[in-house]
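Take a look at the structure below.
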Amino acid sequence: MIKASKMFLSTLREVPSEAEIPSHILLLRAGMIKKLVSGVYAFMPLGYRTLRKIENIVREEMDAAGAQEVLMSALQPAELWQESGRWYAYGPEMMRLKDRNDREFCLGPTHEEIFTDVVRQQVSSYRQLPLNLYQIQHKYRDEARPRFGLIRSREFIMKDNYSFDRDEAGLDVSYWNMYHAYEKVFDRCGLTYRPVEADTGAIGGSNSHEFCALSEVGEEEIIYCDHCSMAATAERAEFKDAPASAEDMLPLEKVHTPGTKTIEAVAQFLGIPQEKTIKALLLEIYRPENESGEPEYAACFIRGDRQLNMTKLVNALGVPEYAVQFANEERMAAATGCVGGFTGPVGLHDCKIIVDSELVGAKNLCAGACEADHHMINVNYGRDYKGDIVTDLKLLQEGDPCPVCGKPVKSARGIEVGQVFKLGTKYSVPMHLTYHDENQKEHPVVMGCYGIGVTRTFAAIVEQHHDDNGIIWPVSVAPYHVVITVIKPNDPVQMDLACNMAARLESAGCEVVIDDRDERPGVKFKDADLLGFPVRITVGKKAADGIVEYKLRRGGDVEELTAEEAGDKAIELINAEK
Ligand code: ATP
Ligand code: MG
């Protein structure tokens, strides 16, 4: 039991100016977190209690799933990242530093290299597999736009674990084992979430799921289908192209289209639907291994009414996302013959042509003519132009046909709280993590990696559990279960009753705060609502008769009960939900 008068606690009435979303506003107002600099937060006593509860839920489920806890260092030598090839590929998000002897290090944004290194030092036989190791630790990412408090920060706590198996079949078992453990973690945290298929970057295959807590403020767009089980991030969601058009190819023709720099303008000018146009996106690519500083040029073509899916594009190019920029049109025009607003695939040179797969079967489209104020009409793939890369490059959007069943898909927003990923041999091959089988034959270890954003989960819980007055903690992660608000703390009758109740509640496994501060009752009630303790028991005038008020933060009426009844109710509720 703790007395509020002794707590290191400060609540704010004002909304902090930098906070835009409820979890950020409420966690700052409740004094549970404090900002040090952009994207870096400290946890105050109440915040730290909730953080530890979330960590413990994660810990219990990881242990139950057979993973073993370790703690690796956050400071990582560059050499390991050079071995895996990610020292450059990781890009500006990595926090890099040098020691006094000029040796390079980073503050770990993730730990694949470190775990691979530790395991290769110890594992050499199939008898030592499978293996699953986890840690709960600070991670560092120099995010381009740290925002939303704990949701996208630069220092955050992650649970990460890595599985090591003999083969794909073993990995499959480890993967689904973790997937189900994640469901238990997020259920216990009180989150409403959806596991969705996620992008696997350069590794490929249907090998990753993200767990997204549903929320309007979520940065992740989820595409799902109500008619079948398809659910994926918008980045990942596949677009199934319609069958090729049966139209005959008409002769290619150049037309005068003055001032029509946009798809809307040219479609209107020519009186054609936007789906009969081709949109050009001009790009410069700076591959990390290219030290000349000169960009490679690429032009990407998709149907005029579609949106480009950047993730699909960078996967097709095989480069990290930060390596791709929209082009400086003047520079690119001089090198490739493109013309801003009038670029099409016909007439471009010295430039990689990337074509969305849908354009292959479409007929008689309109595209820029690579000449100011002119377009080409009746442009056809194969006859008039070809792509260096032809692949699905577009976003699947609400209402588009489901790639599995063809019915219109829906979209929702979510906060990515966790991700599970089949790595395969991506790290074990370059870093020589191998084992010998029964016949002394050597094989690379097959790995999986799994992450939960513990601090992001913290914020996601608040996003889903709050009202205008404050946080409404699920019992499982509440910093304390019960607040006993004493109306007149200098009245010994009231204080005695409060302390007796607290002692009884504690002996039954409930965590209790006694609000004995010398404040007006209104202030104490407001703070209790803001801080979100699941149960509030008020000890006031009727204390002499052993009567108190009982109220749940999640709603419902204030009840007048005997102290004993109120205690029974609280104990029952908390033990059922904790
Ligand atoms: P995002 O796409 O949101 O940047 P990510 O896919 O790069 O995240 P992972 O490498 O999969 O993140 O990390 C595992 C988990 O760590 C994520 O699911 C997320 O919950 C959490 N996480 C990642 N970046 C941050 C961050 N900047 N702040 C807080 N939590 C984060
Ligand atoms: Mg992720």
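Each chain in the structure tokens gets a letter, A, B, ..., in the order shown, and its residues are numbered from 1; ligands are numbered from 1 in order too.
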Would you name the residues within 10 Å of ligand 2, counting only C-alpha atoms and all ligand atoms, and put them as a ChimeraX atom specification? /A:198-200,208-211,416-421,450-453
Quick one: everything within 12 Å of A:Arg331, counting only C-alpha atoms, minus sequence neighbours fewer than 3 positions away in the same chain. Send it as an mmCIF file with N, CA, C and O atoms, in the first residue's frame.
data_model
loop_
_atom_site.group_PDB
_atom_site.id
_atom_site.type_symbol
_atom_site.label_atom_id
_atom_site.label_comp_id
_atom_site.auth_asym_id
_atom_site.auth_seq_id
_atom_site.Cartn_x
_atom_site.Cartn_y
_atom_site.Cartn_z
ATOM 1 N N LEU A 282 9.094 9.638 -61.234
ATOM 2 C CA LEU A 282 10.511 9.711 -61.592
ATOM 3 C C LEU A 282 11.364 9.629 -60.344
ATOM 4 O O LEU A 282 11.141 10.371 -59.373
ATOM 5 N N LEU A 283 12.329 8.746 -60.378
ATOM 6 C CA LEU A 283 13.076 8.432 -59.159
ATOM 7 C C LEU A 283 14.579 8.509 -59.365
ATOM 8 O O LEU A 283 15.077 8.262 -60.466
ATOM 9 N N GLU A 284 15.257 8.819 -58.275
ATOM 10 C CA GLU A 284 16.717 8.714 -58.243
ATOM 11 C C GLU A 284 17.050 7.668 -57.197
ATOM 12 O O GLU A 284 16.487 7.683 -56.105
ATOM 13 N N GLU A 294 26.598 9.804 -57.703
ATOM 14 C CA GLU A 294 25.719 10.017 -58.860
ATOM 15 C C GLU A 294 24.504 9.101 -58.731
ATOM 16 O O GLU A 294 24.649 7.915 -58.452
ATOM 17 N N PRO A 295 23.310 9.632 -58.955
ATOM 18 C CA PRO A 295 22.145 8.757 -58.853
ATOM 19 C C PRO A 295 21.990 7.850 -60.075
ATOM 20 O O PRO A 295 22.479 8.177 -61.155
ATOM 21 N N GLU A 296 21.278 6.744 -59.871
ATOM 22 C CA GLU A 296 20.776 5.958 -60.993
ATOM 23 C C GLU A 296 19.354 6.464 -61.209
ATOM 24 O O GLU A 296 18.633 6.680 -60.227
ATOM 25 N N TYR A 297 18.941 6.604 -62.448
ATOM 26 C CA TYR A 297 17.590 7.098 -62.694
ATOM 27 C C TYR A 297 16.641 5.944 -62.962
ATOM 28 O O TYR A 297 17.014 4.945 -63.586
ATOM 29 N N PHE A 326 12.383 10.878 -54.823
ATOM 30 C CA PHE A 326 11.773 11.424 -56.030
ATOM 31 C C PHE A 326 12.811 12.293 -56.720
ATOM 32 O O PHE A 326 13.616 12.962 -56.075
ATOM 33 N N ALA A 327 12.801 12.262 -58.053
ATOM 34 C CA ALA A 327 13.916 12.845 -58.803
ATOM 35 C C ALA A 327 13.858 14.368 -58.833
ATOM 36 O O ALA A 327 12.789 14.973 -58.775
ATOM 37 N N ASN A 328 15.034 14.939 -58.953
ATOM 38 C CA ASN A 328 15.175 16.334 -59.324
ATOM 39 C C ASN A 328 14.921 16.364 -60.837
ATOM 40 O O ASN A 328 15.695 15.825 -61.629
ATOM 41 N N ALA A 334 17.862 16.150 -68.168
ATOM 42 C CA ALA A 334 19.098 16.247 -68.956
ATOM 43 C C ALA A 334 19.672 14.859 -69.230
ATOM 44 O O ALA A 334 20.207 14.586 -70.305
ATOM 45 N N ALA A 335 19.518 13.940 -68.259
ATOM 46 C CA ALA A 335 20.135 12.622 -68.417
ATOM 47 C C ALA A 335 19.277 11.627 -69.191
ATOM 48 O O ALA A 335 19.796 10.721 -69.832
ATOM 49 N N THR A 336 17.952 11.780 -69.140
ATOM 50 C CA THR A 336 17.093 10.698 -69.648
ATOM 51 C C THR A 336 16.057 11.135 -70.677
ATOM 52 O O THR A 336 15.364 10.297 -71.249
ATOM 53 N N GLY A 337 15.887 12.433 -70.867
ATOM 54 C CA GLY A 337 14.868 12.887 -71.818
ATOM 55 C C GLY A 337 13.466 12.960 -71.237
ATOM 56 O O GLY A 337 12.502 13.160 -71.972
ATOM 57 N N CYS A 338 13.327 12.811 -69.935
ATOM 58 C CA CYS A 338 11.978 12.933 -69.357
ATOM 59 C C CYS A 338 11.572 14.412 -69.367
ATOM 60 O O CYS A 338 12.425 15.297 -69.419
ATOM 61 N N VAL A 339 10.272 14.673 -69.328
ATOM 62 C CA VAL A 339 9.771 16.050 -69.312
ATOM 63 C C VAL A 339 8.718 16.132 -68.213
ATOM 64 O O VAL A 339 7.699 15.432 -68.287
ATOM 65 N N GLY A 340 8.991 16.941 -67.188
ATOM 66 C CA GLY A 340 8.094 17.030 -66.031
ATOM 67 C C GLY A 340 6.642 17.173 -66.441
ATOM 68 O O GLY A 340 6.303 18.064 -67.213
#
Listing only residues of chain A within 9 Å of ligand 1, what is the closest atom pair and its distance in Å (to one decimal) for each, using only C-alpha atoms and all ligand atoms, sorted by chain and residue number ascending, as a tab-separated table?
residue	atom	partner	partner_atom_place_in_ligand_line	distance
A:Gly39	CA	ligand 1	28 (N)	8.0
A:Pro109	CA	ligand 1	10 (O)	7.8
A:Thr110	CA	ligand 1	10 (O)	6.7
A:Lys139	CA	ligand 1	25 (C)	8.2
A:Tyr140	CA	ligand 1	27 (N)	7.8
A:Arg141	CA	ligand 1	27 (N)	6.1
A:Asp142	CA	ligand 1	27 (N)	7.9
A:Glu143	CA	ligand 1	27 (N)	6.1
A:Arg145	CA	ligand 1	27 (N)	9.0
A:Pro146	CA	ligand 1	27 (N)	6.8
A:Arg147	CA	ligand 1	27 (N)	8.6
A:Gly149	CA	ligand 1	28 (N)	8.4
A:Leu150	CA	ligand 1	29 (C)	5.7
A:Ile151	CA	ligand 1	29 (C)	4.8
A:Arg152	CA	ligand 1	28 (N)	3.6
A:Ser153	CA	ligand 1	28 (N)	4.0
A:Arg154	CA	ligand 1	27 (N)	5.3
A:Glu155	CA	ligand 1	28 (N)	6.9
A:Phe156	CA	ligand 1	29 (C)	5.2
A:Ile157	CA	ligand 1	30 (N)	7.0
A:Met158	CA	ligand 1	16 (O)	5.5
A:Lys159	CA	ligand 1	16 (O)	7.7
A:Asp160	CA	ligand 1	14 (C)	7.3
A:Glu210	CA	ligand 1	18 (O)	6.9
A:Phe211	CA	ligand 1	18 (O)	7.4
A:Cys212	CA	ligand 1	18 (O)	8.4
A:Glu219	CA	ligand 1	3 (O)	7.5
A:Glu220	CA	ligand 1	3 (O)	7.7
A:Ile415	CA	ligand 1	3 (O)	7.7
A:Glu416	CA	ligand 1	18 (O)	5.0
A:Val417	CA	ligand 1	20 (O)	3.6
A:Gly418	CA	ligand 1	18 (O)	3.5
A:Gln419	CA	ligand 1	18 (O)	4.9
A:Val420	CA	ligand 1	11 (O)	7.7
A:Phe421	CA	ligand 1	11 (O)	8.5
A:Tyr450	CA	ligand 1	14 (C)	7.2
A:Gly451	CA	ligand 1	14 (C)	4.2
A:Ile452	CA	ligand 1	15 (C)	4.7
A:Gly453	CA	ligand 1	20 (O)	3.3
A:Val454	CA	ligand 1	20 (O)	6.8
A:Thr455	CA	ligand 1	29 (C)	6.2
A:Arg456	CA	ligand 1	30 (N)	4.8
A:Thr457	CA	ligand 1	20 (O)	6.7
Go ahead and write the selection's residues with N, CA and C atoms as a CSV table (one decimal), in the first residue's frame.
chain,number,residue,atom,x,y,z
A,39,GLY,N,11.5,12.1,-28.6
A,39,GLY,CA,11.6,10.7,-28.8
A,39,GLY,C,12.3,9.9,-27.7
A,109,PRO,N,19.6,-1.1,-32.8
A,109,PRO,CA,18.2,-0.9,-33.3
A,109,PRO,C,17.5,-2.3,-33.2
A,110,THR,N,18.2,-3.4,-33.2
A,110,THR,CA,17.7,-4.7,-33.2
A,110,THR,C,18.9,-5.6,-33.0
A,139,LYS,N,16.0,-0.3,-27.2
A,139,LYS,CA,16.5,-0.3,-28.5
A,139,LYS,C,16.6,1.2,-28.9
A,140,TYR,N,17.5,1.4,-29.9
A,140,TYR,CA,17.7,2.8,-30.4
A,140,TYR,C,17.5,2.9,-31.9
A,141,ARG,N,16.6,3.8,-32.3
A,141,ARG,CA,16.5,4.1,-33.7
A,141,ARG,C,16.3,5.6,-33.9
A,142,ASP,N,17.2,6.2,-34.7
A,142,ASP,CA,17.1,7.6,-34.9
A,142,ASP,C,16.0,7.9,-36.0
A,143,GLU,N,14.8,7.7,-35.5
A,143,GLU,CA,13.6,7.9,-36.4
A,143,GLU,C,13.6,9.2,-37.1
A,145,ARG,N,11.0,10.9,-38.0
A,145,ARG,CA,10.0,11.7,-37.3
A,145,ARG,C,9.5,11.0,-36.1
A,146,PRO,N,10.2,11.2,-35.0
A,146,PRO,CA,9.7,10.6,-33.7
A,146,PRO,C,8.4,11.3,-33.4
A,147,ARG,N,7.4,10.6,-33.0
A,147,ARG,CA,6.1,11.3,-32.7
A,147,ARG,C,5.2,10.4,-31.9
A,149,GLY,N,4.7,10.3,-28.8
A,149,GLY,CA,5.2,9.8,-27.5
A,149,GLY,C,5.8,8.4,-27.6
A,150,LEU,N,5.2,7.5,-26.9
A,150,LEU,CA,5.9,6.1,-26.9
A,150,LEU,C,5.6,5.3,-28.1
A,151,ILE,N,4.8,5.8,-29.0
A,151,ILE,CA,4.5,5.0,-30.2
A,151,ILE,C,5.6,5.0,-31.2
A,152,ARG,N,6.2,6.2,-31.4
A,152,ARG,CA,7.4,6.2,-32.3
A,152,ARG,C,8.5,7.0,-31.6
A,153,SER,N,9.3,6.3,-30.8
A,153,SER,CA,10.3,7.1,-30.1
A,153,SER,C,11.7,6.6,-30.6
A,154,ARG,N,12.7,7.3,-30.1
A,154,ARG,CA,14.0,7.0,-30.6
A,154,ARG,C,14.7,6.0,-29.6
A,155,GLU,N,14.3,6.0,-28.3
A,155,GLU,CA,14.8,5.0,-27.4
A,155,GLU,C,13.5,4.3,-26.9
A,156,PHE,N,13.4,3.0,-27.1
A,156,PHE,CA,12.2,2.3,-26.7
A,156,PHE,C,12.5,0.9,-26.2
A,157,ILE,N,11.6,0.3,-25.5
A,157,ILE,CA,11.8,-1.0,-25.0
A,157,ILE,C,11.2,-2.1,-25.9
A,158,MET,N,11.9,-3.0,-26.3
A,158,MET,CA,11.4,-4.1,-27.2
A,158,MET,C,11.7,-5.4,-26.5
A,159,LYS,N,10.8,-6.3,-26.7
A,159,LYS,CA,11.1,-7.7,-26.4
A,159,LYS,C,11.5,-8.3,-27.7
A,160,ASP,N,12.7,-8.8,-27.9
A,160,ASP,CA,13.0,-9.4,-29.1
A,160,ASP,C,13.5,-10.9,-28.9
A,210,GLU,N,2.3,-9.0,-38.8
A,210,GLU,CA,2.3,-8.0,-37.8
A,210,GLU,C,1.1,-8.1,-36.9
A,211,PHE,N,1.2,-7.7,-35.7
A,211,PHE,CA,0.0,-7.7,-34.8
A,211,PHE,C,-0.3,-6.2,-34.6
A,212,CYS,N,-1.5,-5.8,-35.1
A,212,CYS,CA,-1.8,-4.4,-35.1
A,212,CYS,C,-3.0,-4.2,-34.2
A,219,GLU,N,-0.5,4.2,-37.4
A,219,GLU,CA,0.2,4.6,-38.7
A,219,GLU,C,0.2,3.5,-39.7
A,220,GLU,N,-0.3,2.3,-39.3
A,220,GLU,CA,-0.3,1.2,-40.2
A,220,GLU,C,-1.7,1.1,-40.9
A,415,ILE,N,-2.0,0.1,-34.9
A,415,ILE,CA,-0.7,0.4,-34.4
A,415,ILE,C,0.1,-0.9,-34.3
A,416,GLU,N,1.2,-1.0,-35.0
A,416,GLU,CA,2.0,-2.2,-35.1
A,416,GLU,C,2.6,-2.4,-33.7
A,417,VAL,N,2.1,-3.4,-32.9
A,417,VAL,CA,2.7,-3.6,-31.6
A,417,VAL,C,3.7,-4.8,-31.6
A,418,GLY,N,3.6,-5.7,-32.6
A,418,GLY,CA,4.5,-6.8,-32.6
A,418,GLY,C,4.6,-7.3,-34.0
A,419,GLN,N,5.7,-8.1,-34.3
A,419,GLN,CA,5.9,-8.7,-35.6
A,419,GLN,C,6.6,-10.0,-35.4
A,420,VAL,N,6.2,-11.0,-36.2
A,420,VAL,CA,6.9,-12.3,-36.2
A,420,VAL,C,7.4,-12.5,-37.6
A,421,PHE,N,8.6,-13.1,-37.8
A,421,PHE,CA,9.2,-13.1,-39.1
A,421,PHE,C,10.1,-14.3,-39.3
A,450,TYR,N,11.4,-12.3,-33.8
A,450,TYR,CA,10.1,-11.9,-33.2
A,450,TYR,C,10.2,-10.7,-32.3
A,451,GLY,N,9.4,-9.7,-32.5
A,451,GLY,CA,9.6,-8.5,-31.7
A,451,GLY,C,8.2,-8.0,-31.1
A,452,ILE,N,8.3,-7.5,-29.9
A,452,ILE,CA,7.1,-6.8,-29.3
A,452,ILE,C,7.6,-5.5,-28.9
A,453,GLY,N,6.9,-4.4,-29.3
A,453,GLY,CA,7.3,-3.1,-28.8
A,453,GLY,C,6.6,-2.9,-27.5
A,454,VAL,N,7.4,-3.1,-26.4
A,454,VAL,CA,6.8,-3.1,-25.1
A,454,VAL,C,6.2,-1.7,-24.7
A,455,THR,N,7.0,-0.6,-25.0
A,455,THR,CA,6.6,0.7,-24.7
A,455,THR,C,5.5,1.2,-25.7
A,456,ARG,N,5.6,0.7,-26.9
A,456,ARG,CA,4.5,1.0,-27.9
A,456,ARG,C,3.2,0.4,-27.5
A,457,THR,N,3.3,-0.9,-26.9
A,457,THR,CA,2.1,-1.6,-26.4
A,457,THR,C,1.5,-0.8,-25.3
Sort by chain and increasing residue number a table of all residues of stretch 315-353 of chain A within 12 Å of stretch 377-385 of chain A, each with its closest pair of atoms and their distance in Å to one decimal, counting only C-alpha atoms, and write it as a tab-separated table.
residue	atom	partner	partner_atom	distance
A:Gly344	CA	A:Val379	CA	9.4
A:Pro345	CA	A:Tyr385	CA	6.2
A:Val346	CA	A:Tyr385	CA	6.0
A:Gly347	CA	A:Tyr385	CA	8.9
A:Leu348	CA	A:Tyr385	CA	9.7
A:His349	CA	A:Tyr385	CA	11.5
A:Ile353	CA	A:Tyr385	CA	9.2
Write out, as an mmCIF file, in the first residue's frame, the residues just selected, with N, CA and C atoms.
data_model
loop_
_atom_site.group_PDB
_atom_site.id
_atom_site.type_symbol
_atom_site.label_atom_id
_atom_site.label_comp_id
_atom_site.auth_asym_id
_atom_site.auth_seq_id
_atom_site.Cartn_x
_atom_site.Cartn_y
_atom_site.Cartn_z
ATOM 1 N N GLY A 344 6.458 9.781 -70.401
ATOM 2 C CA GLY A 344 5.849 8.476 -70.666
ATOM 3 C C GLY A 344 6.948 7.489 -70.958
ATOM 4 N N PRO A 345 6.591 6.223 -71.118
ATOM 5 C CA PRO A 345 7.619 5.204 -71.333
ATOM 6 C C PRO A 345 8.236 5.265 -72.734
ATOM 7 N N VAL A 346 7.559 5.911 -73.671
ATOM 8 C CA VAL A 346 8.090 5.964 -75.036
ATOM 9 C C VAL A 346 9.002 7.185 -75.150
ATOM 10 N N GLY A 347 10.270 6.958 -75.516
ATOM 11 C CA GLY A 347 11.173 8.090 -75.718
ATOM 12 C C GLY A 347 12.145 8.332 -74.579
ATOM 13 N N LEU A 348 12.046 7.563 -73.518
ATOM 14 C CA LEU A 348 13.012 7.717 -72.414
ATOM 15 C C LEU A 348 14.279 6.938 -72.736
ATOM 16 N N HIS A 349 15.418 7.445 -72.247
ATOM 17 C CA HIS A 349 16.666 6.701 -72.445
ATOM 18 C C HIS A 349 17.527 6.780 -71.188
ATOM 19 N N ILE A 353 13.332 1.291 -66.537
ATOM 20 C CA ILE A 353 11.875 1.404 -66.690
ATOM 21 C C ILE A 353 11.222 0.320 -65.833
#
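The coordinates place atom CA of A:Gly361 at 21.3 Å from atom CA of A:Lys254.
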Could you give me, as a ChimeraX atom specification, each residue of stretch 213-348 of chain A that DSSP assigns to alpha helix (DSSP H) when run on this structure's backbone? /A:263-270,310-317,329-336
The selected residues should be written to file as a tab-separated table (two decimals), in the first residue's frame (atoms: N, CA, C and O atoms).
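Saved to again.tsv:
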chain	number	residue	atom	x	y	z
A	263	ILE	N	-2.75	13.85	-64.16
A	263	ILE	CA	-3.62	12.81	-64.72
A	263	ILE	C	-5.05	13.35	-64.87
A	263	ILE	O	-5.69	13.16	-65.90
A	264	GLU	N	-5.54	14.07	-63.83
A	264	GLU	CA	-6.90	14.60	-63.90
A	264	GLU	C	-7.03	15.52	-65.12
A	264	GLU	O	-7.99	15.42	-65.89
A	265	ALA	N	-6.03	16.39	-65.30
A	265	ALA	CA	-6.11	17.39	-66.37
A	265	ALA	C	-6.11	16.71	-67.74
A	265	ALA	O	-6.94	17.04	-68.61
A	266	VAL	N	-5.24	15.75	-67.94
A	266	VAL	CA	-5.16	15.15	-69.28
A	266	VAL	C	-6.38	14.28	-69.55
A	266	VAL	O	-6.92	14.25	-70.67
A	267	ALA	N	-6.87	13.56	-68.49
A	267	ALA	CA	-8.05	12.71	-68.69
A	267	ALA	C	-9.24	13.59	-69.08
A	267	ALA	O	-10.02	13.25	-69.97
A	268	GLN	N	-9.35	14.74	-68.41
A	268	GLN	CA	-10.46	15.64	-68.70
A	268	GLN	C	-10.32	16.24	-70.10
A	268	GLN	O	-11.27	16.26	-70.88
A	269	PHE	N	-9.12	16.67	-70.42
A	269	PHE	CA	-8.86	17.30	-71.72
A	269	PHE	C	-9.20	16.34	-72.87
A	269	PHE	O	-9.81	16.73	-73.86
A	270	LEU	N	-8.80	15.08	-72.71
A	270	LEU	CA	-9.03	14.11	-73.80
A	270	LEU	C	-10.37	13.40	-73.67
A	270	LEU	O	-10.75	12.61	-74.54
A	310	MET	N	5.22	2.13	-52.18
A	310	MET	CA	6.67	2.33	-52.07
A	310	MET	C	7.39	1.05	-51.65
A	310	MET	O	8.50	0.76	-52.11
A	311	THR	N	6.77	0.28	-50.77
A	311	THR	CA	7.41	-0.94	-50.30
A	311	THR	C	7.59	-1.94	-51.44
A	311	THR	O	8.66	-2.55	-51.60
A	312	LYS	N	6.56	-2.09	-52.25
A	312	LYS	CA	6.68	-3.00	-53.39
A	312	LYS	C	7.77	-2.50	-54.34
A	312	LYS	O	8.52	-3.29	-54.91
A	313	LEU	N	7.83	-1.19	-54.50
A	313	LEU	CA	8.84	-0.63	-55.41
A	313	LEU	C	10.26	-0.90	-54.89
A	313	LEU	O	11.11	-1.37	-55.65
A	314	VAL	N	10.52	-0.62	-53.62
A	314	VAL	CA	11.90	-0.82	-53.14
A	314	VAL	C	12.25	-2.30	-53.12
A	314	VAL	O	13.38	-2.68	-53.38
A	315	ASN	N	11.26	-3.15	-52.86
A	315	ASN	CA	11.53	-4.60	-52.92
A	315	ASN	C	11.92	-5.01	-54.35
A	315	ASN	O	12.84	-5.80	-54.56
A	316	ALA	N	11.21	-4.44	-55.33
A	316	ALA	CA	11.51	-4.78	-56.73
A	316	ALA	C	12.90	-4.29	-57.12
A	316	ALA	O	13.61	-4.95	-57.88
A	317	LEU	N	13.28	-3.14	-56.57
A	317	LEU	CA	14.61	-2.59	-56.90
A	317	LEU	C	15.71	-3.26	-56.08
A	317	LEU	O	16.89	-3.15	-56.42
A	329	GLU	N	13.77	16.93	-61.24
A	329	GLU	CA	13.31	16.77	-62.62
A	329	GLU	C	14.27	17.35	-63.65
A	329	GLU	O	14.46	16.79	-64.72
A	330	GLU	N	14.87	18.49	-63.30
A	330	GLU	CA	15.78	19.13	-64.26
A	330	GLU	C	16.99	18.24	-64.56
A	330	GLU	O	17.35	18.00	-65.71
A	331	ARG	N	17.56	17.73	-63.44
A	331	ARG	CA	18.75	16.89	-63.58
A	331	ARG	C	18.40	15.62	-64.35
A	331	ARG	O	19.09	15.19	-65.25
A	332	MET	N	17.24	15.05	-64.01
A	332	MET	CA	16.87	13.80	-64.66
A	332	MET	C	16.51	14.03	-66.12
A	332	MET	O	16.78	13.19	-66.99
A	333	ALA	N	15.91	15.20	-66.43
A	333	ALA	CA	15.55	15.50	-67.82
A	333	ALA	C	16.81	15.52	-68.69
A	333	ALA	O	16.83	14.95	-69.79
A	334	ALA	N	17.86	16.15	-68.17
A	334	ALA	CA	19.10	16.25	-68.96
A	334	ALA	C	19.67	14.86	-69.23
A	334	ALA	O	20.21	14.59	-70.31
A	335	ALA	N	19.52	13.94	-68.26
A	335	ALA	CA	20.14	12.62	-68.42
A	335	ALA	C	19.28	11.63	-69.19
A	335	ALA	O	19.80	10.72	-69.83
A	336	THR	N	17.95	11.78	-69.14
A	336	THR	CA	17.09	10.70	-69.65
A	336	THR	C	16.06	11.13	-70.68
A	336	THR	O	15.36	10.30	-71.25
Residue contacts of A:Ala181 (9 Å, only C-alpha atoms) excluding same-chain residues fewer than 6 positions away, as an mmCIF file with all heavy atoms, in the first residue's frame:
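The resulting file, result.cif, is reproduced below:
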data_model
loop_
_atom_site.group_PDB
_atom_site.id
_atom_site.type_symbol
_atom_site.label_atom_id
_atom_site.label_comp_id
_atom_site.auth_asym_id
_atom_site.auth_seq_id
_atom_site.Cartn_x
_atom_site.Cartn_y
_atom_site.Cartn_z
ATOM 1 N N VAL A 58 4.699 -10.345 -20.950
ATOM 2 C CA VAL A 58 5.522 -10.817 -22.069
ATOM 3 C C VAL A 58 6.454 -11.939 -21.586
ATOM 4 O O VAL A 58 6.559 -12.999 -22.200
ATOM 5 C CB VAL A 58 6.343 -9.647 -22.654
ATOM 6 C CG1 VAL A 58 7.347 -10.154 -23.675
ATOM 7 C CG2 VAL A 58 5.428 -8.598 -23.275
ATOM 8 N N GLU A 61 4.685 -15.263 -20.900
ATOM 9 C CA GLU A 61 4.266 -15.980 -22.112
ATOM 10 C C GLU A 61 5.464 -16.502 -22.899
ATOM 11 O O GLU A 61 5.383 -17.554 -23.530
ATOM 12 C CB GLU A 61 3.360 -15.098 -22.984
ATOM 13 C CG GLU A 61 2.028 -14.741 -22.335
ATOM 14 C CD GLU A 61 1.198 -15.963 -21.911
ATOM 15 O OE1 GLU A 61 1.350 -17.038 -22.512
ATOM 16 O OE2 GLU A 61 0.410 -15.826 -20.946
ATOM 17 N N MET A 62 6.559 -15.757 -22.868
ATOM 18 C CA MET A 62 7.771 -16.251 -23.550
ATOM 19 C C MET A 62 8.296 -17.495 -22.826
ATOM 20 O O MET A 62 8.639 -18.494 -23.447
ATOM 21 C CB MET A 62 8.860 -15.179 -23.585
ATOM 22 C CG MET A 62 8.596 -14.045 -24.545
ATOM 23 S SD MET A 62 8.509 -14.612 -26.253
ATOM 24 C CE MET A 62 6.811 -14.224 -26.586
ATOM 25 N N ALA A 64 6.590 -19.520 -20.961
ATOM 26 C CA ALA A 64 5.649 -20.626 -21.156
ATOM 27 C C ALA A 64 5.817 -21.249 -22.543
ATOM 28 O O ALA A 64 5.571 -22.435 -22.735
ATOM 29 C CB ALA A 64 4.215 -20.127 -20.979
ATOM 30 N N ALA A 65 6.250 -20.440 -23.514
ATOM 31 C CA ALA A 65 6.422 -20.951 -24.876
ATOM 32 C C ALA A 65 7.796 -21.600 -25.057
ATOM 33 O O ALA A 65 8.152 -22.013 -26.166
ATOM 34 C CB ALA A 65 6.233 -19.815 -25.883
#
Set the distance at 7 Å and use only C-alpha atoms: which residues neighbour stretch 434-448 of chain A once local chain neighbours fewer than 6 positions away are removed? I'd like the list as an NGL selection string. :A and (123-126 or 162-168 or 171 or 175 or 421-425 or 428)
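Atom pair atom CA of A:Ala169 / atom CA of A:Cys449: separated by 15.5 Å.
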Any idea what's packed within 10 Å of A:Ser5, counting only C-alpha atoms, ignoring anything in its chain fewer than 5 positions away? Could you give it as number ranges by chain? A: 513-519
From A:Ala459, A:Met249, A:Leu395, A:Val173, residue lying nearest A:Ile21 [only C-alpha atoms]: A:Ala459
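Proximity to A:Glu572 at 12 Å, evaluated using only C-alpha atoms and with sequence-adjacent residues fewer than 2 positions away removed, yields Val475, His481, Leu505, Ala508, Gly509, Cys510, Val535, Glu565, Ala566, Gly567, Asp568, Lys569, Ala570, Ile574, Asn575, Ala576, Glu577 and Lys578 of chain A.
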List as a PyMOL selection string the protein and nucleic acid residues near A:Val360, meaning an atom at most 12 Å away when only C-alpha atoms are counted, but skip any in the same chain fewer than 2 places from it. chain A and resi 241-245+278+301-303+354-358+362-365+379-387+389-392
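Taking atom CA of A:Thr343 and atom CA of A:Ala237 as endpoints, the distance between them is 28.0 Å.
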Would you give me, as an NGL selection string, the residues in stretch 416-502 of chain A that DSSP reads as strand (DSSP E)? :A and (416-424 or 434-436 or 442-444 or 446-453 or 466-467 or 470-471 or 482-486)
